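The data block below is my_file05.txt; it holds compact mmCIF, C-alpha atoms.
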# COMPACT_ATOMS: atom_id res chain seq x y z
CA MET A 1 -15.12 3.77 10.79
CA TRP A 2 -16.82 1.21 8.64
CA SER A 3 -19.67 -0.96 9.88
CA GLN A 4 -18.66 -3.93 11.96
CA ASP A 5 -21.18 -6.07 10.11
CA TYR A 6 -19.20 -8.20 7.64
CA ARG A 7 -22.12 -8.46 5.24
CA TRP A 8 -22.35 -4.70 4.95
CA ARG A 9 -18.63 -4.50 4.30
CA LYS A 10 -18.96 -7.06 1.52
CA LEU A 11 -21.77 -5.09 -0.06
CA ILE A 12 -19.98 -1.74 0.17
CA VAL A 13 -16.69 -2.97 -1.31
CA GLY A 14 -18.54 -4.94 -3.98
CA ILE A 15 -20.39 -1.80 -5.06
CA CYS A 16 -17.10 0.10 -5.15
CA CYS A 17 -15.55 -2.47 -7.47
CA VAL A 18 -18.54 -2.53 -9.80
CA LEU A 19 -18.37 1.25 -9.93
CA PHE A 20 -14.64 1.12 -10.67
CA PHE A 21 -14.97 -1.25 -13.60
CA THR A 22 -18.00 0.57 -14.97
CA LEU A 23 -16.40 4.00 -14.93
CA ALA A 24 -13.02 2.76 -16.14
CA SER A 25 -14.60 1.04 -19.13
CA THR A 26 -16.71 4.05 -20.11
CA GLY A 27 -13.84 6.54 -19.95
CA THR A 28 -15.50 8.66 -17.25
CA TRP A 29 -13.24 7.56 -14.40
CA LYS A 30 -12.75 10.25 -11.77
CA HIS A 31 -11.22 10.20 -8.31
CA PRO A 32 -13.65 11.56 -5.72
CA ASN A 33 -12.20 13.48 -2.81
CA LEU A 34 -11.95 10.90 -0.03
CA SER A 35 -8.77 12.25 1.51
CA THR A 36 -10.02 12.62 5.09
CA PRO A 37 -8.18 10.57 7.72
CA GLN A 38 -11.40 8.71 8.47
CA ALA A 39 -11.83 7.69 4.84
CA ARG A 40 -8.18 6.66 4.55
CA TYR A 41 -8.31 4.68 7.74
CA GLY A 42 -11.55 2.96 6.79
CA PHE A 43 -10.49 2.06 3.26
CA GLU A 44 -7.07 0.67 4.21
CA ARG A 45 -7.81 -1.03 7.50
CA TYR A 46 -11.45 -1.99 7.84
CA LEU A 47 -10.72 -5.62 6.93
CA ASP A 48 -8.32 -7.59 9.02
CA VAL A 49 -6.11 -9.99 7.10
CA ASP A 50 -7.18 -12.83 9.38
CA GLU A 51 -10.70 -12.48 7.98
CA GLY A 52 -9.48 -13.18 4.45
CA PRO A 53 -9.27 -9.68 2.94
CA TYR A 54 -11.37 -9.21 -0.17
CA ALA A 55 -11.67 -12.97 -0.59
CA PHE A 56 -15.43 -12.61 -1.15
CA TYR A 57 -14.82 -11.43 -4.69
CA ASP A 58 -12.05 -13.82 -5.63
CA SER A 59 -8.89 -11.75 -5.28
CA ASP A 60 -10.36 -8.88 -7.26
CA LEU A 61 -9.09 -5.32 -6.83
CA PRO A 62 -7.33 -4.49 -4.67
CA MET A 63 -5.23 -7.62 -4.52
CA PRO A 64 -4.62 -9.26 -1.11
CA ALA A 65 -1.01 -9.02 -0.03
CA SER A 66 -0.72 -12.78 0.41
CA TYR A 67 -1.74 -13.30 -3.23
CA LEU A 68 1.16 -11.17 -4.46
CA LEU A 69 3.61 -12.91 -2.15
CA ASP A 70 2.48 -16.34 -3.27
CA ARG A 71 3.18 -15.27 -6.84
CA CYS A 72 6.59 -13.89 -5.92
CA HIS A 73 7.60 -16.96 -3.96
CA SER A 74 6.66 -19.27 -6.80
CA PHE A 75 9.47 -20.71 -8.89
CA HIS A 76 7.24 -21.03 -11.96
CA PRO A 77 8.62 -18.73 -14.68
CA ASP A 78 5.19 -17.37 -15.62
CA ASN A 79 4.45 -16.40 -12.05
CA ALA A 80 7.82 -14.65 -11.84
CA ALA A 81 6.89 -12.69 -14.97
CA TYR A 82 3.57 -11.64 -13.46
CA CYS A 83 5.15 -10.53 -10.20
CA GLY A 84 7.92 -8.67 -12.00
CA GLY A 85 5.35 -6.79 -14.06
CA TYR A 86 3.25 -5.92 -11.02
CA VAL A 87 6.16 -4.65 -8.94
CA ASP A 88 7.61 -2.74 -11.88
CA GLY A 89 4.26 -1.10 -12.65
CA VAL A 90 3.53 -0.08 -9.06
CA ALA A 91 7.07 1.25 -8.54
CA HIS A 92 6.72 3.46 -11.63
CA LEU A 93 3.24 4.73 -10.78
CA TRP A 94 4.02 5.17 -7.09
CA LYS A 95 7.21 7.11 -7.74
CA TRP A 96 5.76 9.45 -10.32
CA LYS A 97 2.30 9.79 -8.81
CA THR A 98 -0.20 11.49 -11.11
CA SER A 99 2.34 14.07 -12.28
CA CYS A 100 5.87 13.15 -13.28
CA GLU A 101 8.27 15.90 -12.14
CA SER A 102 11.98 15.89 -11.31
CA SER A 103 14.89 18.30 -10.92
CA LEU A 104 17.34 15.83 -12.51
CA PRO A 105 17.96 16.46 -16.25
CA THR A 106 17.68 12.79 -17.22
CA ASP A 107 14.49 12.36 -15.20
CA GLN A 108 13.07 15.59 -16.64
CA SER A 109 13.34 14.11 -20.11
CA PHE A 110 11.91 10.80 -18.88
CA CYS A 111 9.02 12.65 -17.23
CA ALA A 112 8.32 14.62 -20.39
CA GLY A 113 7.74 11.29 -22.11
CA VAL A 114 5.60 9.92 -19.26
CA ASN A 115 3.39 13.00 -19.20
CA ALA A 116 3.08 13.01 -22.98
CA ALA A 117 1.80 9.43 -22.87
CA ARG A 118 -0.66 10.31 -20.11
CA ASP A 119 -1.93 13.37 -21.98
CA HIS A 120 -2.51 11.56 -25.27
CA ALA A 121 -4.75 8.51 -24.96
CA GLU A 122 -5.08 8.03 -28.74
CA PRO A 123 -1.88 5.97 -29.21
CA ARG A 124 -3.13 3.46 -26.65
CA ALA A 125 -5.54 2.09 -29.24
CA SER A 126 -2.76 1.48 -31.77
CA SER A 127 0.67 -0.13 -31.84
CA ALA A 128 2.45 3.24 -31.79
CA THR A 129 5.63 3.54 -29.76
CA CYS A 130 8.22 6.27 -29.34
CA MET A 131 11.52 6.06 -31.20
CA PRO A 132 14.40 8.46 -30.42
CA ASP A 133 15.00 11.11 -33.12
CA ASN A 134 16.16 14.70 -33.34
CA GLN A 135 13.30 15.95 -31.14
CA ARG A 136 13.01 13.01 -28.73
CA ASP A 137 15.93 11.43 -26.88
CA LYS A 138 16.25 7.97 -25.38
CA ASN A 139 15.09 9.01 -21.90
CA TYR A 140 12.00 10.71 -23.31
CA CYS A 141 11.02 7.61 -25.28
CA SER A 142 11.79 5.37 -22.31
CA GLY A 143 9.26 7.31 -20.22
CA PHE A 144 6.69 7.49 -23.01
CA ASN A 145 6.87 3.78 -23.81
CA LYS A 146 6.85 2.74 -20.15
CA GLN A 147 3.71 4.72 -19.38
CA LEU A 148 2.07 3.61 -22.61
CA ALA A 149 2.77 -0.06 -21.84
CA ILE A 150 1.22 0.27 -18.38
CA ASP A 151 -1.87 2.07 -19.70
CA ARG A 152 -2.37 -0.46 -22.48
CA ALA A 153 -1.90 -3.34 -20.07
CA GLY A 154 -4.54 -1.85 -17.76
CA ASP A 155 -6.98 -1.65 -20.68
CA ALA A 156 -6.16 -5.25 -21.66
CA VAL A 157 -6.77 -6.54 -18.11
CA LEU A 158 -10.16 -4.83 -18.06
CA ARG A 159 -10.99 -6.60 -21.34
CA LEU A 160 -9.67 -9.91 -19.89
CA ASP A 161 -7.33 -9.93 -22.87
CA VAL A 162 -4.03 -11.03 -21.27
CA PRO A 163 -2.84 -14.37 -19.83
CA ASP A 164 -3.25 -14.54 -16.06
CA ASP A 165 0.43 -15.25 -15.40
CA SER A 166 2.06 -12.85 -17.86
CA ARG A 167 4.10 -9.72 -17.31
CA LEU A 168 1.41 -7.69 -19.08
CA HIS A 169 -1.16 -8.97 -16.60
CA GLY A 170 1.10 -7.82 -13.76
CA LEU A 171 1.57 -4.37 -15.31
CA GLY A 172 -2.16 -4.01 -15.94
CA ARG A 173 -3.13 -5.14 -12.47
CA ALA A 174 -0.69 -2.59 -11.03
CA LYS A 175 -2.37 0.15 -13.06
CA LEU A 176 -5.84 -0.81 -11.83
CA ASP A 177 -4.73 -1.25 -8.22
CA VAL A 178 -3.12 2.20 -8.16
CA ASP A 179 -6.21 3.76 -9.74
CA LEU A 180 -8.45 2.14 -7.16
CA HIS A 181 -6.15 3.19 -4.34
CA LEU A 182 -6.25 6.78 -5.59
CA TRP A 183 -10.02 6.65 -5.70
CA GLY A 184 -10.24 5.19 -2.22
CA SER A 185 -7.71 7.39 -0.47
CA GLY A 186 -7.41 10.55 -2.56
CA GLU A 187 -3.61 10.43 -2.34
CA PHE A 188 -0.63 8.11 -2.63
CA TYR A 189 -0.32 7.64 1.12
CA GLU A 190 3.02 8.47 2.71
CA PHE A 191 5.19 5.69 1.27
CA VAL A 192 6.70 7.34 -1.79
CA PRO A 193 9.95 5.50 -2.59
CA CYS A 194 12.85 7.10 -4.49
CA VAL A 195 13.25 4.10 -6.79
CA LEU A 196 16.07 4.52 -9.28
CA GLN A 197 15.19 4.06 -12.94
CA LYS A 198 18.13 1.69 -13.38
CA MET A 199 16.59 -0.81 -10.95
CA THR A 200 15.07 -3.74 -12.79
CA SER A 201 11.80 -5.40 -11.85
CA GLU A 202 13.79 -8.47 -10.76
CA GLU A 203 15.82 -6.33 -8.34
CA LEU A 204 12.62 -4.76 -7.01
CA VAL A 205 11.08 -8.19 -6.45
CA ASP A 206 14.21 -9.16 -4.49
CA VAL A 207 13.70 -6.03 -2.36
CA LEU A 208 10.11 -7.10 -1.66
CA LEU A 209 11.05 -10.64 -0.67
CA GLN A 210 13.95 -9.47 1.51
CA PHE A 211 11.61 -7.01 3.23
CA ILE A 212 9.15 -9.79 4.03
CA ARG A 213 11.94 -12.04 5.34
CA GLU A 214 13.10 -9.28 7.68
CA HIS A 215 9.57 -8.12 8.62
CA PRO A 216 7.30 -11.19 8.50
CA GLU A 217 4.50 -9.35 10.31
CA GLN A 218 4.10 -7.16 7.23
CA ARG A 219 2.51 -10.11 5.43
CA ARG A 220 -0.59 -9.14 7.37
CA GLU A 221 -0.92 -5.88 5.41
CA THR A 222 -4.39 -5.72 3.90
CA THR A 223 -3.48 -4.88 0.30
CA ALA A 224 -0.56 -5.80 -1.92
CA ILE A 225 -0.13 -2.23 -3.10
CA ILE A 226 0.47 -0.84 0.41
CA MET A 227 2.75 -3.72 1.37
CA LEU A 228 4.80 -3.27 -1.78
CA ALA A 229 5.03 0.49 -1.25
CA LYS A 230 6.32 -0.18 2.27
CA ALA A 231 8.90 -2.65 0.96
CA LEU A 232 10.25 -0.09 -1.53
CA PHE A 233 10.11 2.77 0.99
CA TYR A 234 11.90 0.90 3.77
CA GLY A 235 14.00 -1.37 1.54
CA VAL A 236 15.32 1.06 -1.09
CA CYS A 237 14.95 4.60 0.16
CA PRO A 238 14.46 6.79 2.08
CA GLY A 239 14.10 4.19 4.86
CA PRO A 240 17.72 2.91 4.83
CA GLU A 241 19.08 6.46 4.57
CA LEU A 242 17.10 7.66 7.60
CA GLY A 243 17.32 4.48 9.68
CA LEU A 244 13.55 3.94 9.55
CA GLN A 245 11.65 0.73 10.23
CA PRO A 246 7.94 0.04 9.60
CA HIS A 247 5.57 0.09 12.56
CA MET A 248 4.26 -3.22 13.89
CA GLU A 249 0.62 -2.42 14.59
CA GLN A 250 -0.30 -5.67 12.85
CA CYS A 251 0.97 -7.43 15.99
CA THR A 252 -1.28 -5.59 18.45
CA LYS A 253 -5.00 -5.64 17.68
CA TRP A 254 -6.95 -3.90 20.43
CA ASP A 255 -10.30 -5.25 21.58
CA LEU A 256 -12.28 -6.52 24.57
CA ARG A 257 -10.61 -9.65 25.90
CA ASP A 258 -12.27 -11.55 28.74
CA GLY A 259 -14.43 -8.48 29.34
CA LEU A 260 -11.51 -6.04 29.55
CA PHE A 261 -10.17 -3.75 26.85
CA GLY A 262 -6.58 -4.39 25.83
CA THR A 263 -4.29 -6.08 23.34
CA VAL A 264 -2.00 -9.07 22.90
CA ASN A 265 1.25 -9.42 20.99
CA SER A 266 0.28 -11.89 18.27
CA CYS A 267 3.71 -11.89 16.60
CA ASP A 268 6.64 -14.15 17.41
CA GLN A 269 8.98 -11.34 18.45
CA PRO A 270 8.84 -8.72 21.24
CA VAL A 271 7.32 -5.33 20.45
CA ALA A 272 7.30 -1.93 22.17
CA VAL A 273 3.84 -0.43 22.62
CA ARG A 274 3.15 3.15 23.64
CA TYR A 275 -0.49 3.97 24.27
CA GLN A 276 -2.79 6.52 25.87
CA ILE A 277 -6.34 6.06 27.19
CA GLU A 278 -8.49 9.18 27.07
CA ASP A 279 -6.38 11.97 28.61
CA ASP A 280 -4.44 9.72 30.99
CA PRO A 281 -0.63 9.85 30.92
CA PRO A 282 0.94 7.77 28.10
CA ILE A 283 2.14 4.27 29.01
CA GLU A 284 5.01 2.38 27.37
CA ARG A 285 5.26 -1.40 27.56
CA ARG A 286 7.43 -4.12 26.11
CA LEU A 287 5.29 -7.09 25.15
CA GLU A 288 6.75 -10.54 24.68
CA PRO A 289 5.09 -12.88 22.14
CA GLY A 290 1.67 -13.84 23.45
CA GLU A 291 1.78 -11.34 26.31
CA VAL A 292 -1.46 -9.49 27.07
CA VAL A 293 -1.84 -5.93 28.32
CA SER A 294 -5.17 -4.79 29.79
CA THR A 295 -6.37 -1.25 30.38
CA GLY A 296 -8.81 -2.37 33.05
CA SER A 297 -11.71 -0.80 31.15
CA THR A 298 -14.82 -2.89 30.50
CA GLU A 299 -15.74 -0.70 27.52
CA ARG A 300 -13.92 0.50 24.41
CA PRO A 301 -12.53 3.93 25.38
CA ALA A 302 -10.97 6.65 23.27
CA TRP A 303 -7.39 5.48 22.87
CA TRP A 304 -4.29 5.94 20.75
CA PHE A 305 -1.37 3.58 20.37
CA MET A 306 1.84 3.04 18.44
CA THR A 307 3.74 -0.23 18.07
CA CYS A 308 7.43 -0.45 17.11
CA PRO A 309 10.23 -3.02 17.22
CA VAL A 310 11.97 -3.16 20.59
CA GLY A 311 14.66 -0.48 20.72
CA TYR A 312 12.73 1.82 18.38
CA VAL A 313 10.31 4.69 18.99
CA SER A 314 7.70 6.32 16.81
CA THR A 315 8.67 9.25 14.60
CA VAL A 316 5.44 10.90 15.81
CA SER A 317 5.11 11.90 19.46
CA LEU A 318 2.01 10.95 21.41
CA PHE A 319 0.67 14.51 21.69
CA PRO A 320 -2.95 15.59 21.18
CA GLU A 321 -2.06 17.47 17.99
CA ASN A 322 -0.74 14.20 16.49
CA ARG A 323 -3.76 12.04 17.26
CA GLU A 324 -5.09 12.27 13.72
CA ALA A 325 -1.81 11.00 12.25
CA ILE A 326 -1.54 8.27 14.89
CA SER A 327 -5.12 7.08 14.28
CA ALA A 328 -4.31 6.77 10.57
CA SER A 329 -1.03 4.91 11.38
CA ARG A 330 1.00 7.58 9.61
CA TYR A 331 4.31 7.05 11.35
CA SER A 332 7.52 5.06 11.12
CA CYS A 333 9.85 3.77 13.81
CA ILE A 334 13.37 5.04 14.46
CA GLU A 335 16.11 3.69 16.71
CA LYS A 336 16.25 5.23 20.19
Translate this structure into structure tokens?
Amino acid sequence: MWSQDYRWRKLIVGICCVLFFTLASTGTWKHPNLSTPQARYGFERYLDVDEGPYAFYDSDLPMPASYLLDRCHSFHPDNAAYCGGYVDGVAHLWKWKTSCESSLPTDQSFCAGVNAARDHAEPRASSATCMPDNQRDKNYCSGFNKQLAIDRAGDAVLRLDVPDDSRLHGLGRAKLDVDLHLWGSGEFYEFVPCVLQKMTSEELVDVLLQFIREHPEQRRETTAIIMLAKALFYGVCPGPELGLQPHMEQCTKWDLRDGLFGTVNSCDQPVAVRYQIEDDPPIERRLEPGEVVSTGSTERPAWWFMTCPVGYVSTVSLFPENREAISASRYSCIEK
């Protein structure tokens, strides 16, 4: 876990961002191996949204979730363009990860174009684009040009060479956010949506806003990139196909309260909490809004917990072999 001292956290994240911009601008950007559960947990969750995540460097990478939502909720056309670009860029990069592969013939051609753009950085410095011809079909060029536009936009954002509220700024910010997430976590987390190519950025933004309306507690997610990935995962697929809902851990922060270790439901709807202290038998509780549960311990013990909507249970059982996944919040909720 990261230090509890806020000043140290500011310093550490500030150094990370300076390192990111330095390496990205010099062309020596590499993703160190930080794929341990401890590193994932620390990077994603060491700042609580109530503390103003990342506000100490003015909404710099990674973007706070509330910043993205404010853009999306705005009726100003330029803000809509920015948000559309950001969602479109993240959906593309999240779906195709660092290697674009598919068993579908149309996607195979699209991926060939994506991978060609990734493998050849030279065209990024020019105005070159892909035009269909005898060797390259429409799907190939669609993938090539999409990846090229995102890469160029990322370069332009680093150079501060795009308007703040433009679609290009949104695309570029998506590129940098995904790169930073890769560096911080070593993987694309578990929320890989099967977003269809025919979905427009406007449709994806609608998915995001509908997700937030149905799951207001998700506004508390630390970073925009994780919140957006959740919205696509649970709003497009595979969430709807499998009947999955996101967990609600944001509603139950555990700490010492009046000298006793426990939690309170800080959301405005009931939640179901299942927790285990040390090796004691697991306990399941329904917590109404504002209701407190205490373990009776005057110190912070070893504990594991999962929080779901009422009527749902975790997709991961509370067994010792699953404690690593539970500690990293790597589970969804499914109807009982």
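Between CA of Gln245 in chain A and CA of Thr307 in chain A the interatomic distance comes to 11.2 Å.
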Which is closest to Leu93 in chain A among A:His181, A:His73, A:His169, A:Arg159, if we use all atoms listed in the file?
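Of A:His181, A:His73, A:His169, A:Arg159, the one nearest Leu93 in chain A, counting all atoms listed in the file, is A:His181.
Interatomic distance, CA of Gln218 in chain A against CA of Gln250 in chain A: 7.3 Å.
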Would you pick out the contacts of range 199-201 of chain A at 10 Å or less, using only C-alpha atoms, so that residues sharing its chain but fewer than 2 positions from it are not included, and give the list as a PyMOL selection string?
chain A and resi 81+83-89+91+195-197+203-207
Using Å and a single decimal, report how far CA of Trp183 in chain A sits from CA of Ala117 in chain A.
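Spanning CA of Ala117 in chain A to CA of Trp183 in chain A is a straight-line distance of 21.0 Å.
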I'd like the neighbourhood of Glu335 in chain A as a short mmCIF file (atom, residue, chain, number, x, y, z; two decimals) with C-alpha atoms, in the coordinates of the input, where a residue qualifies if any of its atoms comes within 7 Å (using all atoms listed in the file), though same-chain residues fewer than 5 positions away should be ignored.
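Saved as out08.cif:
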data_model
loop_
_atom_site.label_atom_id
_atom_site.label_comp_id
_atom_site.auth_asym_id
_atom_site.auth_seq_id
_atom_site.Cartn_x
_atom_site.Cartn_y
_atom_site.Cartn_z
CA GLY A 311 14.66 -0.48 20.72
CA TYR A 312 12.73 1.82 18.38
CA VAL A 313 10.31 4.69 18.99
#
Select, counting all atoms listed in the file, all protein, DNA and RNA residues no farther than 6 Å from (9.0, 12.5, -21.5) in file coordinates, and express the selection as a PyMOL selection string.
chain A and resi 109-114+140+143-144
Would you mind exporting the chosen residues as an mmCIF file, in the coordinates of the input, restricted to C-alpha atoms?
data_model
loop_
_atom_site.group_PDB
_atom_site.id
_atom_site.type_symbol
_atom_site.label_atom_id
_atom_site.label_comp_id
_atom_site.auth_asym_id
_atom_site.auth_seq_id
_atom_site.Cartn_x
_atom_site.Cartn_y
_atom_site.Cartn_z
ATOM 1 C CA SER A 109 13.340 14.110 -20.110
ATOM 2 C CA PHE A 110 11.910 10.800 -18.880
ATOM 3 C CA CYS A 111 9.020 12.650 -17.230
ATOM 4 C CA ALA A 112 8.320 14.620 -20.390
ATOM 5 C CA GLY A 113 7.740 11.290 -22.110
ATOM 6 C CA VAL A 114 5.600 9.920 -19.260
ATOM 7 C CA TYR A 140 12.000 10.710 -23.310
ATOM 8 C CA GLY A 143 9.260 7.310 -20.220
ATOM 9 C CA PHE A 144 6.690 7.490 -23.010
#
Name the residues within 7 Å of (-0.9, 2.6, 16.4), counting all atoms listed in the file in the file's coordinates, and put them as a list in words.
Glu249, Trp304, Phe305, Met306, Thr307, Ile326, Ser327 and Ser329 of chain A
Measuring between only C-alpha atoms, which one of A:Ala224, A:Ser294, A:Glu288, A:Pro240 shows the shortest distance to Gly259 in chain A?
A:Ser294
Would you fill out range 245-255 of chain A with all heavy atoms and return it as a CSV table (one decimal), keeping the file's coordinate frame?
chain,number,residue,atom,x,y,z
A,245,GLN,N,12.2,2.1,10.3
A,245,GLN,CA,11.6,0.7,10.2
A,245,GLN,C,10.1,0.9,10.2
A,245,GLN,O,9.6,1.9,10.7
A,245,GLN,CB,12.0,-0.1,11.5
A,245,GLN,CG,13.5,-0.4,11.5
A,245,GLN,CD,13.9,-1.5,10.5
A,245,GLN,OE1,13.1,-2.3,10.1
A,245,GLN,NE2,15.2,-1.5,10.1
A,246,PRO,N,9.4,0.0,9.6
A,246,PRO,CA,7.9,0.0,9.6
A,246,PRO,C,7.4,-0.2,11.0
A,246,PRO,O,8.0,-1.0,11.8
A,246,PRO,CB,7.5,-1.0,8.6
A,246,PRO,CG,8.6,-2.0,8.6
A,246,PRO,CD,9.9,-1.2,8.9
A,247,HIS,N,6.2,0.4,11.3
A,247,HIS,CA,5.6,0.1,12.6
A,247,HIS,C,5.1,-1.3,12.6
A,247,HIS,O,5.0,-2.0,11.5
A,247,HIS,CB,4.4,1.1,12.8
A,247,HIS,CG,3.3,0.9,11.9
A,247,HIS,ND1,2.4,-0.2,11.9
A,247,HIS,CD2,2.8,1.8,11.0
A,247,HIS,CE1,1.5,0.0,11.0
A,247,HIS,NE2,1.6,1.1,10.4
A,248,MET,N,4.7,-1.8,13.7
A,248,MET,CA,4.3,-3.2,13.9
A,248,MET,C,2.9,-3.3,14.5
A,248,MET,O,2.6,-4.2,15.3
A,248,MET,CB,5.3,-4.0,14.8
A,248,MET,CG,6.7,-4.0,14.2
A,248,MET,SD,7.9,-4.9,15.2
A,248,MET,CE,7.3,-6.6,15.1
A,249,GLU,N,2.0,-2.4,14.1
A,249,GLU,CA,0.6,-2.4,14.6
A,249,GLU,C,-0.1,-3.7,14.3
A,249,GLU,O,-1.1,-4.1,14.9
A,249,GLU,CB,-0.2,-1.2,14.0
A,249,GLU,CG,0.2,0.1,14.6
A,249,GLU,CD,-0.7,1.2,14.2
A,249,GLU,OE1,-1.7,0.9,13.5
A,249,GLU,OE2,-0.4,2.4,14.5
A,250,GLN,N,0.3,-4.4,13.2
A,250,GLN,CA,-0.3,-5.7,12.8
A,250,GLN,C,-0.2,-6.7,14.0
A,250,GLN,O,-1.0,-7.6,14.0
A,250,GLN,CB,0.3,-6.3,11.6
A,250,GLN,CG,0.3,-5.4,10.4
A,250,GLN,CD,1.5,-4.5,10.2
A,250,GLN,OE1,2.1,-4.1,11.2
A,250,GLN,NE2,1.8,-4.1,9.0
A,251,CYS,N,0.8,-6.5,14.9
A,251,CYS,CA,1.0,-7.4,16.0
A,251,CYS,C,0.1,-7.2,17.2
A,251,CYS,O,0.0,-8.0,18.1
A,251,CYS,CB,2.4,-7.4,16.4
A,251,CYS,SG,3.6,-7.8,15.2
A,252,THR,N,-0.5,-6.0,17.3
A,252,THR,CA,-1.3,-5.6,18.4
A,252,THR,C,-2.7,-5.1,18.1
A,252,THR,O,-2.9,-3.9,17.8
A,252,THR,CB,-0.5,-4.5,19.3
A,252,THR,OG1,-0.2,-3.4,18.4
A,252,THR,CG2,0.7,-5.1,19.9
A,253,LYS,N,-3.6,-6.0,17.9
A,253,LYS,CA,-5.0,-5.6,17.7
A,253,LYS,C,-5.7,-5.4,19.0
A,253,LYS,O,-5.7,-6.3,19.9
A,253,LYS,CB,-5.7,-6.7,16.9
A,253,LYS,CG,-5.1,-7.0,15.5
A,253,LYS,CD,-5.2,-5.9,14.6
A,253,LYS,CE,-4.6,-6.2,13.2
A,253,LYS,NZ,-4.7,-5.1,12.3
A,254,TRP,N,-6.3,-4.3,19.2
A,254,TRP,CA,-7.0,-3.9,20.4
A,254,TRP,C,-8.4,-4.3,20.4
A,254,TRP,O,-9.1,-4.0,19.4
A,254,TRP,CB,-6.8,-2.4,20.7
A,254,TRP,CG,-5.4,-2.0,21.0
A,254,TRP,CD1,-4.3,-2.0,20.1
A,254,TRP,CD2,-4.8,-1.6,22.3
A,254,TRP,NE1,-3.2,-1.6,20.8
A,254,TRP,CE2,-3.5,-1.4,22.1
A,254,TRP,CE3,-5.4,-1.5,23.5
A,254,TRP,CZ2,-2.6,-1.0,23.1
A,254,TRP,CZ3,-4.6,-1.1,24.6
A,254,TRP,CH2,-3.2,-0.8,24.4
A,255,ASP,N,-8.9,-4.8,21.5
A,255,ASP,CA,-10.3,-5.2,21.6
A,255,ASP,C,-10.6,-5.6,23.0
A,255,ASP,O,-9.7,-5.6,23.9
A,255,ASP,CB,-10.6,-6.4,20.6
A,255,ASP,CG,-12.0,-6.5,20.1
A,255,ASP,OD1,-12.9,-5.8,20.8
A,255,ASP,OD2,-12.3,-7.2,19.2
